[in-house]
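Colleague: Can you read through this structure? Questions will come right after.
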Number of protein chains: 2
Amino acid sequence: MAEWQEISGGVTAPKGYRAAGIKAGFKPSGLPDLALILSDVEAIAAGVFTTSQVRAACVDYCRQNLQAKHGARAILCNAGQANAATGEQGVVDAEESAQLLANELNIPPESILLASTGVIGQRMKMEAMRSGMPQLVADLSATGSDAAAQAIVTTDLVTKSIALETIIGDRPVRIGGISKGSGMIHPNMATMLAFVTTDAAVSPHLWQEMLSRAADRSFNAITVDGDTSTNDCLIALANGQSRTHAITEKGRDADKLEAMLTAVCQHLAKAIARDGEGATCLLEVQVTGAQNEKSARQIAKTIVGSSLVKSAIFGHDPNWGRIAAAAGRAGVQFDQENLRIQLGDFLLMENGQPLQFDRGAASAYLKQASEGAYLKEDTVLISVSIGNGHGSGIAWGCDLSYDYVKINAEYTT
Amino acid sequence: MAEWQEISGGVTAPKGYRAAGIKAGFKPSGLPDLALILSDVEAIAAGVFTTSQVRAACVDYCRQNLQAKHGARAILCNAGQANAATGEQGVVDAEESAQLLANELNIPPESILLASTGVIGQRMKMEAMRSGMPQLVADLSATGSDAAAQAIVTTDLVTKSIALETIIGDRPVRIGGISKGSGMIHPNMATMLAFVTTDAAVSPHLWQEMLSRAADRSFNAITVDGDTSTNDCLIALANGQSRTHAITEKGRDADKLEAMLTAVCQHLAKAIARDGEGATCLLEVQVTGAQNEKSARQIAKTIVGSSLVKSAIFGHDPNWGRIAAAAGRAGVQFDQENLRIQLGDFLLMENGQPLQFDRGAASAYLKQASEGAYLKEDTVLISVSIGNGHGSGIAWGCDLSYDYVKINAEYTT
């Protein structure tokens with residue numbers, strides 16, 4: 001029996017949350033571009049942000065807010081301009097945005113967290129922010145998650161949403177999430193954003209710890225192309241409205257909540273990898289036998305990020321050599337005589353030696369995955385073992401197609 | 001006045017070297033595939049090898065030999081099979097190859113260094129090695145550098161060769177080199193090899209130090225795709241046949257020799273980057289203002305290795321946002337308000353703020369470079385400054401074209 005079940009409702013599935021998404025005028029396309037998630041009460045808030053040295057104003061704003069207090073009522077997000085590389089004016093615009101929402105909701109601006117996505121180097125259209133705010137707040141609803149999910153996307157082909165429910169004590173507890181991010185169709189807008197809500201009650205320190213680990217096992221384990229952007233952020237609110245007892249220390253309930261949080265983050269992260277530019281399949285690399293989880297994930301990420309592996313998958317080529325070469329250069333020490341590589345059910349290499357295998361059938365496995373894109377069967381699984389250690393890790397990515405280069409070369413800023 | 005001049009002759013330009021390259025039968029194509037470089041006397045030998053955990057037998061063989069003694073007479077290299085992922089048999093084959101040549105030359109096998117390039121997971125064709133050896137030695141000549149350069153290539157479009165001459169004391173001293181390596185046309189054969197010879201006299205320790213630094217500033221500063229392969233190696237011989245005094249400590253002569261060695265390595269490395277699969281231009285990224293050279297080069301390599309920057313260059317798009325984002329995620333701390341980005345003569349960003357610039361003219365600059373491929377004007381220059389530090393570094397790469405994906409997806413092992 002599963003420990004939890006999937007339910008509908010996204011970030012508004014947990015109790016005590018409302019959300020909205022409207023067309024405010026940030027996007028030239030006229031599509032929805034301003035989103036709000038609001039908790040009825042002050043929630044515990046945790047965040048994980050881009051490690052880039054080139055950061056948007058909203059990232060620094062959230063970091064400062066969360067350092068001052070580990071709580072928030074609302075997350076405000078615009079799509080269209082990233083408010084990165086905008087200098088002092090960007091900071092002023094971010095602060096004004098929070099103040100506008102604070103006035104409308106009659107809450108302190110310190111209770112508001114900000115996120116932006118869109119073109120970097122452009123100021124936010126503050127007129128859209130000012131004129132859109134009343135309608136945004138008026139539109140808040142307990143079924144508003146999908147509207148919010150639509151208003152945070154930029155070049156995404158699909159919106160991303162998930163919600164899970166379990167029982168803690170004898171009461172239902174829910175976690176929901178939405179995210180945005182695709183490959184690098186328009187790389188100046190390639191930000192990865194995710195917002196998670198829960199009605200569990202949890203202590204701030206524990207919630208931040210859980211979120212950091214969940215991020216490492218999900219968003220930090222996907223590679224579409226390159227690395228962290230100027231605006232990447234993951235924010236998670238916990239408002240306690242399930243009325244269950246507060247989780248304040250490690251134990252069974254904490255483990256359960258963290259497992260659900262990780263599942264939500266992994267679902268959202270894999271949806272981003274699957275939405276990679278030109279991708280025909282999801283690529284999952286599992287590494288076992290390492291000294292620790294970090295080393296295993298490092299190898300998994302190197303393989304899943306290798307242009308050579310990615311183009312081999314696109315070409316339906318069961319190329320063990322490219323996988324072995326990527327594993328070898330990942331910066332993790334191992335004895336090549338212990339290397340074992342499996343593609344789906346096909347064992348390609350063992351004890352560091354290539355094996356005979358049915359090349360046609362292995363190629364057909366890859367073909368089937370790419371033809372099943374956006375279906376359940378779209379996942380290509382590469383399993384690698386490097387030794388007898390207990391560390392294991394997973395990373396996700398997508399294949400590299402003609403369209404990736406085509407679109408990235410033809411897009412002009 | 002330049003400190004040295006370019007001359008012809010490659011690895012046989014320095015005194016006391018002969019070389020040969022023959023068709024031995026390793027390559028299915030029947031093209032030349034076995035090369036030998038021989039010094040008349042035992043030479044000081046230094047080497048830099050792949051850091052991959054998955055290594056060819058010849059790499060371990062050379063490492064052990066150079067640890068035991070810092071000298072060698074000969075470098076033997078086959079092209080066609082990489083002798084990587086071949087286990088114990090690969091070690092036996094490497095040792096037999098050295099013994100075969102030792103017998104033919106009547107020198108100890110410990111004086112021979114080995115290199116291989118080609119398909120990984122395949123044993124070397126030892127019959128070709130055995131039958132080719134007498135002719136290889138018979139063909140040795142003081143003008144054999146080009147033949148050797150041709151016999152070490154795999155998917156390269158052009159051979160790579162250089163030689164420089166200077167005066168030390170009052171006698172001519174020469175350095176020559178040949179290399180192979182292209183993009184990742186057939187990535188199982190994407191090894192980068194370089195062999196350098198000089199007739200200078202230099203102490204073993206100093207020569208190894210010079211070579212390691214030169215490698216960091218050349219071969220370790222190019223990025224075509226991914227990273228080190230299973231077989232990468234750079235070997236440099238110094239046989240003292242110029243009859244100049246021995247360079248045994250730091251000083252003017254040592255600096256001059258190292259500068260020439262670095263120039264030879266940079267020429268060979270840039271030739272490899274220029275020969276990248278589908279490349280239409282050479283991309284040079286100069287980073288200044290960092291705390292140290294290593295940090296500067298790390299940022300330069302991240303920019304030059306970014307698929308997004310590379311495809312923007314191919315699309316003639318002066319996209320400062322992609323350059324800034326790559327700099328920001330390079331893992332080097334800097335204040336984004338100090339970021340300055342220049343493309344050719346066009347200043348795109350200063351003090352972390354995007355500037356107005358003539359977009360059409362900047363695009364024309366990129367177009368001109370790609371149309372000048374394989375000519376002197378084929379270089380696109382990106383200059384980045386991150387602060388007031390004294391560290392500077394350069395990296396080289398190439399653009400990312402449709403053909404890269406096409407060929408890598410369609411190539412089947």
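Chain lettering (A, B, ...) mirrors the order of the structure tokens, residue numbering begins at 1 for each chain separately, and ligand numbering begins at 1 in order of display.
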Find the nearest atom pair between each residue of region 195-224 of chain A and region 232-248 of chain A for residues within 8 Å, count only C-alpha atoms, give distances in Å to one decimal, sort rows by chain and ascending number, and present the table as a tab-separated table.

Modeller:
```
residue	atom	partner	partner_atom	distance
A:Phe195	CA	A:Ile235	CA	5.0
A:Val196	CA	A:Ala236	CA	4.5
A:Thr197	CA	A:Leu237	CA	4.8
A:Thr198	CA	A:Ala238	CA	4.8
A:Asp199	CA	A:Gly240	CA	4.7
A:Ala200	CA	A:Gly240	CA	4.6
A:Ala201	CA	A:Gly240	CA	3.9
A:Val202	CA	A:Ile247	CA	4.5
A:Ser203	CA	A:Thr248	CA	5.1
A:Leu206	CA	A:Thr248	CA	6.9
A:Leu211	CA	A:Ala236	CA	7.5
A:Ala215	CA	A:Leu234	CA	8.0
```

Colleague: How would the residues just chosen look if you wrote them out with C-alpha atoms as a CSV table (one decimal), in the first residue's frame?

Modeller:
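Here's the written file result.csv:
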```csv
chain,number,residue,atom,x,y,z
A,195,PHE,CA,6.4,26.7,-5.5
A,196,VAL,CA,5.3,24.1,-2.9
A,197,THR,CA,2.6,24.3,-0.3
A,198,THR,CA,1.6,22.1,2.6
A,199,ASP,CA,-0.9,22.2,5.4
A,200,ALA,CA,1.4,20.2,7.6
A,201,ALA,CA,2.8,21.9,10.8
A,202,VAL,CA,6.6,21.7,10.9
A,203,SER,CA,9.3,23.6,12.6
A,206,LEU,CA,13.3,21.1,9.9
A,211,LEU,CA,13.6,21.3,1.4
A,215,ALA,CA,16.1,20.0,-3.9
```

Colleague: Write out as a list in words the residues lying within 9 Å of region 360-362 of chain A, counting only C-alpha atoms and excluding same-chain residues fewer than 2 positions away.

Modeller: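 Residues near the query, excluding close chain neighbours: His316, Asp317, Pro318, Leu343, Gly344, Asp345, Phe346, Phe357, Asp358, Ala364, Tyr365, Leu366 and Lys367 of chain A.
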
Colleague: Go ahead and dump the residues you just picked, N, CA and C atoms, as a PDB file, in the first residue's frame.

Modeller:
```
ATOM      1  N   HIS A 316      19.024   6.754 -31.197  1.00  0.00           N
ATOM      2  CA  HIS A 316      18.693   5.341 -30.890  1.00  0.00           C
ATOM      3  C   HIS A 316      19.936   4.448 -30.929  1.00  0.00           C
ATOM      4  N   ASP A 317      21.048   5.011 -30.451  1.00  0.00           N
ATOM      5  CA  ASP A 317      22.325   4.310 -30.499  1.00  0.00           C
ATOM      6  C   ASP A 317      22.721   3.847 -29.090  1.00  0.00           C
ATOM      7  N   PRO A 318      22.737   2.537 -28.815  1.00  0.00           N
ATOM      8  CA  PRO A 318      23.098   2.030 -27.478  1.00  0.00           C
ATOM      9  C   PRO A 318      24.605   2.116 -27.262  1.00  0.00           C
ATOM     10  N   LEU A 343      21.435  -0.580 -20.029  1.00  0.00           N
ATOM     11  CA  LEU A 343      20.505   0.315 -20.715  1.00  0.00           C
ATOM     12  C   LEU A 343      19.165  -0.406 -20.769  1.00  0.00           C
ATOM     13  N   GLY A 344      18.174   0.099 -20.031  1.00  0.00           N
ATOM     14  CA  GLY A 344      16.924  -0.650 -19.912  1.00  0.00           C
ATOM     15  C   GLY A 344      17.262  -2.025 -19.364  1.00  0.00           C
ATOM     16  N   ASP A 345      16.871  -3.085 -20.065  1.00  0.00           N
ATOM     17  CA  ASP A 345      17.178  -4.453 -19.623  1.00  0.00           C
ATOM     18  C   ASP A 345      18.459  -4.996 -20.241  1.00  0.00           C
ATOM     19  N   PHE A 346      19.143  -4.182 -21.031  1.00  0.00           N
ATOM     20  CA  PHE A 346      20.317  -4.672 -21.764  1.00  0.00           C
ATOM     21  C   PHE A 346      21.604  -4.378 -21.007  1.00  0.00           C
ATOM     22  N   PHE A 357      25.715  -7.876 -26.943  1.00  0.00           N
ATOM     23  CA  PHE A 357      24.287  -7.730 -26.633  1.00  0.00           C
ATOM     24  C   PHE A 357      23.532  -7.519 -27.940  1.00  0.00           C
ATOM     25  N   ASP A 358      22.226  -7.659 -27.864  1.00  0.00           N
ATOM     26  CA  ASP A 358      21.383  -7.547 -29.063  1.00  0.00           C
ATOM     27  C   ASP A 358      21.219  -6.062 -29.406  1.00  0.00           C
ATOM     28  N   ALA A 364      15.871  -0.585 -30.542  1.00  0.00           N
ATOM     29  CA  ALA A 364      14.404  -0.549 -30.577  1.00  0.00           C
ATOM     30  C   ALA A 364      13.840  -0.032 -29.253  1.00  0.00           C
ATOM     31  N   TYR A 365      14.518  -0.395 -28.152  1.00  0.00           N
ATOM     32  CA  TYR A 365      14.105   0.106 -26.827  1.00  0.00           C
ATOM     33  C   TYR A 365      14.164   1.636 -26.806  1.00  0.00           C
ATOM     34  N   LEU A 366      15.242   2.197 -27.373  1.00  0.00           N
ATOM     35  CA  LEU A 366      15.395   3.655 -27.407  1.00  0.00           C
ATOM     36  C   LEU A 366      14.365   4.300 -28.332  1.00  0.00           C
ATOM     37  N   LYS A 367      14.103   3.634 -29.454  1.00  0.00           N
ATOM     38  CA  LYS A 367      13.142   4.159 -30.418  1.00  0.00           C
ATOM     39  C   LYS A 367      11.746   4.226 -29.792  1.00  0.00           C
TER      40      LYS A 367
END
```

Colleague: Find, counting only C-alpha atoms, the residue in A:Ile120, A:Ala149, A:Leu100, A:Ala259 that gets nearest to chain B.

Modeller: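 Under the stated criterion, the closest residue is A:Ile120.
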
Colleague: Could you pull out the strand (DSSP E or B) residues of region 183-292 of chain A, going by DSSP on the backbone, and write them as an mmCIF file with C-alpha atoms, in the first residue's frame?

Modeller:
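Generated file (selection_20.cif):
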```cif
data_model
loop_
_atom_site.group_PDB
_atom_site.id
_atom_site.type_symbol
_atom_site.label_atom_id
_atom_site.label_comp_id
_atom_site.auth_asym_id
_atom_site.auth_seq_id
_atom_site.Cartn_x
_atom_site.Cartn_y
_atom_site.Cartn_z
ATOM 1 C CA LEU A 193 10.749 28.112 -10.622
ATOM 2 C CA ALA A 194 8.855 25.859 -8.217
ATOM 3 C CA PHE A 195 6.386 26.704 -5.469
ATOM 4 C CA VAL A 196 5.297 24.103 -2.930
ATOM 5 C CA THR A 197 2.573 24.347 -0.276
ATOM 6 C CA THR A 198 1.610 22.052 2.572
ATOM 7 C CA VAL A 202 6.554 21.694 10.887
ATOM 8 C CA ILE A 222 18.120 17.498 -13.562
ATOM 9 C CA THR A 223 20.208 18.780 -16.415
ATOM 10 C CA CYS A 233 14.145 29.427 -7.014
ATOM 11 C CA LEU A 234 12.196 26.871 -5.044
ATOM 12 C CA ILE A 235 9.967 28.188 -2.261
ATOM 13 C CA ALA A 236 7.951 25.993 0.109
ATOM 14 C CA LEU A 237 5.267 27.124 2.559
ATOM 15 C CA ALA A 238 3.892 25.079 5.487
ATOM 16 C CA ILE A 247 6.552 17.986 13.437
ATOM 17 C CA LEU A 282 13.056 11.561 -20.485
ATOM 18 C CA LEU A 283 16.482 10.202 -19.611
ATOM 19 C CA GLU A 284 16.953 8.701 -16.119
ATOM 20 C CA VAL A 285 20.440 7.701 -14.952
ATOM 21 C CA GLN A 286 20.756 5.627 -11.764
ATOM 22 C CA VAL A 287 24.219 5.235 -10.260
ATOM 23 C CA THR A 288 24.954 2.727 -7.488
ATOM 24 C CA GLY A 289 28.027 1.381 -5.697
ATOM 25 C CA ALA A 290 29.547 4.801 -4.978
#
```

Colleague: Region 84-90 of chain B: which residues within 8 Å, counting only C-alpha atoms, same-chain residues fewer than 5 positions away excluded, as a list in words?

Modeller: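 Surrounding residues, per the criterion: Glu337, Gly352, Gln353 and Pro354 of chain A; Val54, Arg55, Ala56, Ala57, Ile120, Gly121, Gln122, Arg123, Met124, Thr230 and Asn231 of chain B.
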
Colleague: Run DSSP on the backbone and tell me which residues of region 113-245 of chain A come out as helix (DSSP H, G or I); list them as an NGL selection string.

Modeller: :A and (126-138 or 145-151 or 187-189 or 204-216 or 219-221)

Colleague: Take the residues from that selection and put them in a file with C-alpha atoms, as a PDB file, in the first residue's frame.

Modeller:
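Resulting contents of again-v5.pdb:
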```pdb
ATOM      1  CA  MET A 126       5.806  48.278 -13.292  1.00  0.00           C
ATOM      2  CA  GLU A 127       2.677  49.725 -14.887  1.00  0.00           C
ATOM      3  CA  ALA A 128       1.444  46.149 -15.420  1.00  0.00           C
ATOM      4  CA  MET A 129       2.305  45.345 -11.802  1.00  0.00           C
ATOM      5  CA  ARG A 130       0.414  48.397 -10.532  1.00  0.00           C
ATOM      6  CA  SER A 131      -2.659  48.043 -12.705  1.00  0.00           C
ATOM      7  CA  GLY A 132      -2.891  44.251 -12.330  1.00  0.00           C
ATOM      8  CA  MET A 133      -2.663  44.029  -8.546  1.00  0.00           C
ATOM      9  CA  PRO A 134      -6.331  44.657  -7.613  1.00  0.00           C
ATOM     10  CA  GLN A 135      -7.609  42.064 -10.086  1.00  0.00           C
ATOM     11  CA  LEU A 136      -4.959  39.540  -9.008  1.00  0.00           C
ATOM     12  CA  VAL A 137      -6.131  39.715  -5.404  1.00  0.00           C
ATOM     13  CA  ALA A 138      -9.800  39.728  -6.421  1.00  0.00           C
ATOM     14  CA  SER A 145      -3.680  26.647  -8.707  1.00  0.00           C
ATOM     15  CA  ASP A 146      -3.999  25.993 -12.441  1.00  0.00           C
ATOM     16  CA  ALA A 147      -4.405  29.707 -13.174  1.00  0.00           C
ATOM     17  CA  ALA A 148      -1.227  30.399 -11.180  1.00  0.00           C
ATOM     18  CA  ALA A 149       0.618  27.545 -12.926  1.00  0.00           C
ATOM     19  CA  GLN A 150      -0.292  29.054 -16.311  1.00  0.00           C
ATOM     20  CA  ALA A 151       0.809  32.544 -15.297  1.00  0.00           C
ATOM     21  CA  PRO A 187      17.741  30.845 -22.745  1.00  0.00           C
ATOM     22  CA  ASN A 188      17.293  34.314 -21.362  1.00  0.00           C
ATOM     23  CA  MET A 189      13.959  33.041 -20.062  1.00  0.00           C
ATOM     24  CA  PRO A 204      11.197  26.177  10.389  1.00  0.00           C
ATOM     25  CA  HIS A 205      14.599  24.552  10.793  1.00  0.00           C
ATOM     26  CA  LEU A 206      13.343  21.065   9.917  1.00  0.00           C
ATOM     27  CA  TRP A 207      11.344  22.389   6.931  1.00  0.00           C
ATOM     28  CA  GLN A 208      14.389  24.139   5.481  1.00  0.00           C
ATOM     29  CA  GLU A 209      16.515  21.009   5.974  1.00  0.00           C
ATOM     30  CA  MET A 210      13.901  18.842   4.271  1.00  0.00           C
ATOM     31  CA  LEU A 211      13.598  21.276   1.368  1.00  0.00           C
ATOM     32  CA  SER A 212      17.357  21.488   0.823  1.00  0.00           C
ATOM     33  CA  ARG A 213      17.658  17.698   0.681  1.00  0.00           C
ATOM     34  CA  ALA A 214      14.592  17.383  -1.551  1.00  0.00           C
ATOM     35  CA  ALA A 215      16.066  20.009  -3.913  1.00  0.00           C
ATOM     36  CA  ASP A 216      19.320  18.030  -4.163  1.00  0.00           C
ATOM     37  CA  PHE A 219      15.784  20.067  -9.130  1.00  0.00           C
ATOM     38  CA  ASN A 220      19.528  19.815  -8.548  1.00  0.00           C
ATOM     39  CA  ALA A 221      19.507  16.382 -10.212  1.00  0.00           C
TER      40      ALA A 221
END
```

Colleague: As an exercise, work out the distance from CA of Asp399 (chain B) to CA of Thr379 (chain B) in Å and give it to one decimal place.

Modeller: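 Answer for the CA of Asp399 (chain B) to CA of Thr379 (chain B) separation: 10.6 Å.
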
Colleague: With a distance cut-off of 7 Å and only C-alpha atoms, select the neighbouring residues of Leu400 (chain A), excluding the residue or stretch itself and same-chain residues fewer than 4 positions from it, and output the selection as a tab-separated table (two decimals) with N, CA and C atoms, in the first residue's frame.

Modeller:
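part-v7.tsv was written with the following content:
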```
chain	number	residue	atom	x	y	z
A	279	ALA	N	13.14	17.82	-26.85
A	279	ALA	CA	13.29	16.50	-26.23
A	279	ALA	C	12.24	15.52	-26.77
A	307	SER	N	26.53	15.82	-23.92
A	307	SER	CA	25.94	16.02	-25.25
A	307	SER	C	26.07	14.78	-26.11
A	310	LYS	N	23.48	12.28	-24.91
A	310	LYS	CA	22.16	12.79	-25.28
A	310	LYS	C	21.88	12.63	-26.78
A	311	SER	N	22.90	12.89	-27.61
A	311	SER	CA	22.65	12.75	-29.05
A	311	SER	C	22.62	11.27	-29.46
A	314	PHE	N	19.08	10.21	-28.79
A	314	PHE	CA	18.23	10.74	-29.86
A	314	PHE	C	18.38	9.88	-31.12
A	404	TYR	N	17.10	21.40	-30.98
A	404	TYR	CA	17.78	22.18	-29.95
A	404	TYR	C	18.69	23.23	-30.59
```

Colleague: Could you pull the residues within 9 Å of Lys294 (chain B), counting only C-alpha atoms, minus those fewer than 5 positions along the same chain, as a PyMOL selection string?

Modeller: chain B and resi 299+391-393

Colleague: Taking N, CA and C atoms for each residue, export the selection above as a short mmCIF file (atom, residue, chain, number, x, y, z; two decimals), in the first residue's frame.

Modeller:
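Printed below is again-v3.cif as written:
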```cif
data_model
loop_
_atom_site.label_atom_id
_atom_site.label_comp_id
_atom_site.auth_asym_id
_atom_site.auth_seq_id
_atom_site.Cartn_x
_atom_site.Cartn_y
_atom_site.Cartn_z
N ILE B 299 36.28 30.50 -15.63
CA ILE B 299 35.18 31.26 -16.22
C ILE B 299 35.27 31.20 -17.74
N GLY B 391 44.35 38.31 -12.01
CA GLY B 391 44.32 37.02 -12.68
C GLY B 391 43.65 37.11 -14.04
N SER B 392 44.32 36.56 -15.06
CA SER B 392 43.69 36.51 -16.38
C SER B 392 43.87 35.13 -16.97
N GLY B 393 42.98 34.75 -17.87
CA GLY B 393 43.05 33.42 -18.48
C GLY B 393 42.30 33.40 -19.79
#
```

Colleague: With a distance cut-off of 12 Å and only C-alpha atoms, select the neighbouring residues of Gly331 (chain A), excluding the residue or stretch itself and same-chain residues fewer than 5 positions from it, and output the selection as a PDB file with N, CA and C atoms, in the first residue's frame.

Modeller:
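part_9.pdb, freshly written:
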```pdb
ATOM      1  N   LYS A 294      26.341  11.769  -2.839  1.00  0.00           N
ATOM      2  CA  LYS A 294      26.795  12.928  -3.617  1.00  0.00           C
ATOM      3  C   LYS A 294      27.653  12.493  -4.812  1.00  0.00           C
ATOM      4  N   SER A 295      28.582  11.576  -4.577  1.00  0.00           N
ATOM      5  CA  SER A 295      29.433  11.081  -5.663  1.00  0.00           C
ATOM      6  C   SER A 295      28.595  10.382  -6.721  1.00  0.00           C
ATOM      7  N   ALA A 296      27.639   9.583  -6.254  1.00  0.00           N
ATOM      8  CA  ALA A 296      26.777   8.861  -7.200  1.00  0.00           C
ATOM      9  C   ALA A 296      26.002   9.844  -8.072  1.00  0.00           C
ATOM     10  N   ARG A 297      25.452  10.876  -7.422  1.00  0.00           N
ATOM     11  CA  ARG A 297      24.649  11.835  -8.191  1.00  0.00           C
ATOM     12  C   ARG A 297      25.530  12.627  -9.157  1.00  0.00           C
ATOM     13  N   GLN A 298      26.764  12.887  -8.741  1.00  0.00           N
ATOM     14  CA  GLN A 298      27.704  13.614  -9.607  1.00  0.00           C
ATOM     15  C   GLN A 298      27.961  12.840 -10.901  1.00  0.00           C
ATOM     16  N   ILE A 299      28.149  11.553 -10.789  1.00  0.00           N
ATOM     17  CA  ILE A 299      28.339  10.718 -11.986  1.00  0.00           C
ATOM     18  C   ILE A 299      27.059  10.694 -12.816  1.00  0.00           C
ATOM     19  N   ALA A 300      25.926  10.519 -12.132  1.00  0.00           N
ATOM     20  CA  ALA A 300      24.637  10.474 -12.840  1.00  0.00           C
ATOM     21  C   ALA A 300      24.406  11.773 -13.617  1.00  0.00           C
ATOM     22  N   LYS A 301      24.714  12.910 -12.984  1.00  0.00           N
ATOM     23  CA  LYS A 301      24.519  14.202 -13.657  1.00  0.00           C
ATOM     24  C   LYS A 301      25.466  14.381 -14.834  1.00  0.00           C
ATOM     25  N   THR A 302      26.700  13.893 -14.687  1.00  0.00           N
ATOM     26  CA  THR A 302      27.656  14.029 -15.786  1.00  0.00           C
ATOM     27  C   THR A 302      27.195  13.222 -16.996  1.00  0.00           C
ATOM     28  N   ILE A 303      26.691  12.024 -16.753  1.00  0.00           N
ATOM     29  CA  ILE A 303      26.209  11.190 -17.859  1.00  0.00           C
ATOM     30  C   ILE A 303      24.994  11.836 -18.518  1.00  0.00           C
ATOM     31  N   ALA A 325      32.733   6.846 -20.909  1.00  0.00           N
ATOM     32  CA  ALA A 325      33.621   8.009 -20.951  1.00  0.00           C
ATOM     33  C   ALA A 325      33.096   9.131 -20.059  1.00  0.00           C
ATOM     34  N   ALA A 326      31.775   9.350 -20.070  1.00  0.00           N
ATOM     35  CA  ALA A 326      31.192  10.396 -19.212  1.00  0.00           C
ATOM     36  C   ALA A 326      31.366  10.035 -17.742  1.00  0.00           C
TER      37      ALA A 326
ATOM     38  N   THR B  50      45.356  11.941 -19.471  1.00  0.00           N
ATOM     39  CA  THR B  50      43.941  12.037 -19.109  1.00  0.00           C
ATOM     40  C   THR B  50      43.749  11.803 -17.615  1.00  0.00           C
ATOM     41  N   THR B  51      42.801  12.545 -17.027  1.00  0.00           N
ATOM     42  CA  THR B  51      42.477  12.332 -15.615  1.00  0.00           C
ATOM     43  C   THR B  51      41.247  11.432 -15.474  1.00  0.00           C
ATOM     44  N   SER B  52      40.775  10.885 -16.587  1.00  0.00           N
ATOM     45  CA  SER B  52      39.580  10.033 -16.531  1.00  0.00           C
ATOM     46  C   SER B  52      39.853   8.756 -15.738  1.00  0.00           C
ATOM     47  N   GLN B  53      38.806   8.260 -15.069  1.00  0.00           N
ATOM     48  CA  GLN B  53      38.918   7.000 -14.341  1.00  0.00           C
ATOM     49  C   GLN B  53      38.874   5.815 -15.307  1.00  0.00           C
ATOM     50  N   VAL B  54      38.441   6.078 -16.534  1.00  0.00           N
ATOM     51  CA  VAL B  54      38.395   5.022 -17.547  1.00  0.00           C
ATOM     52  C   VAL B  54      39.521   5.318 -18.531  1.00  0.00           C
ATOM     53  N   ASP B 227      34.779  16.606 -22.061  1.00  0.00           N
ATOM     54  CA  ASP B 227      36.020  16.758 -21.336  1.00  0.00           C
ATOM     55  C   ASP B 227      37.020  15.707 -21.774  1.00  0.00           C
ATOM     56  N   THR B 228      37.891  15.339 -20.870  1.00  0.00           N
ATOM     57  CA  THR B 228      38.991  14.434 -21.151  1.00  0.00           C
ATOM     58  C   THR B 228      38.498  13.059 -21.625  1.00  0.00           C
TER      59      THR B 228
END
```

Colleague: What is the distance between CA of Gln266 (chain B) and CA of Val332 (chain A), in Å to one decimal?

Modeller: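 Separation of CA of Gln266 (chain B) and CA of Val332 (chain A): 28.4 Å.
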
Colleague: Pick the closest to chain A from B:Leu140, B:Ile313, B:Ala82, B:Ala43: which is it, counting only C-alpha atoms?

Modeller: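 Ranked by minimum distance to chain A, first place goes to B:Ile313.
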
Colleague: Quote the spacing between CA of Glu3 (chain A) and CA of Leu257 (chain A) in Å to one decimal place.

Modeller: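 If I compute the distance from CA of Glu3 (chain A) to CA of Leu257 (chain A), I get 10.4 Å.
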
Colleague: Find the residue from B:Asp335, B:Asp156, B:Asp170, B:Glu350 that sits nearest to chain A; use only C-alpha atoms when measuring.

Modeller: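 Smallest distance to chain A is found for B:Asp335.
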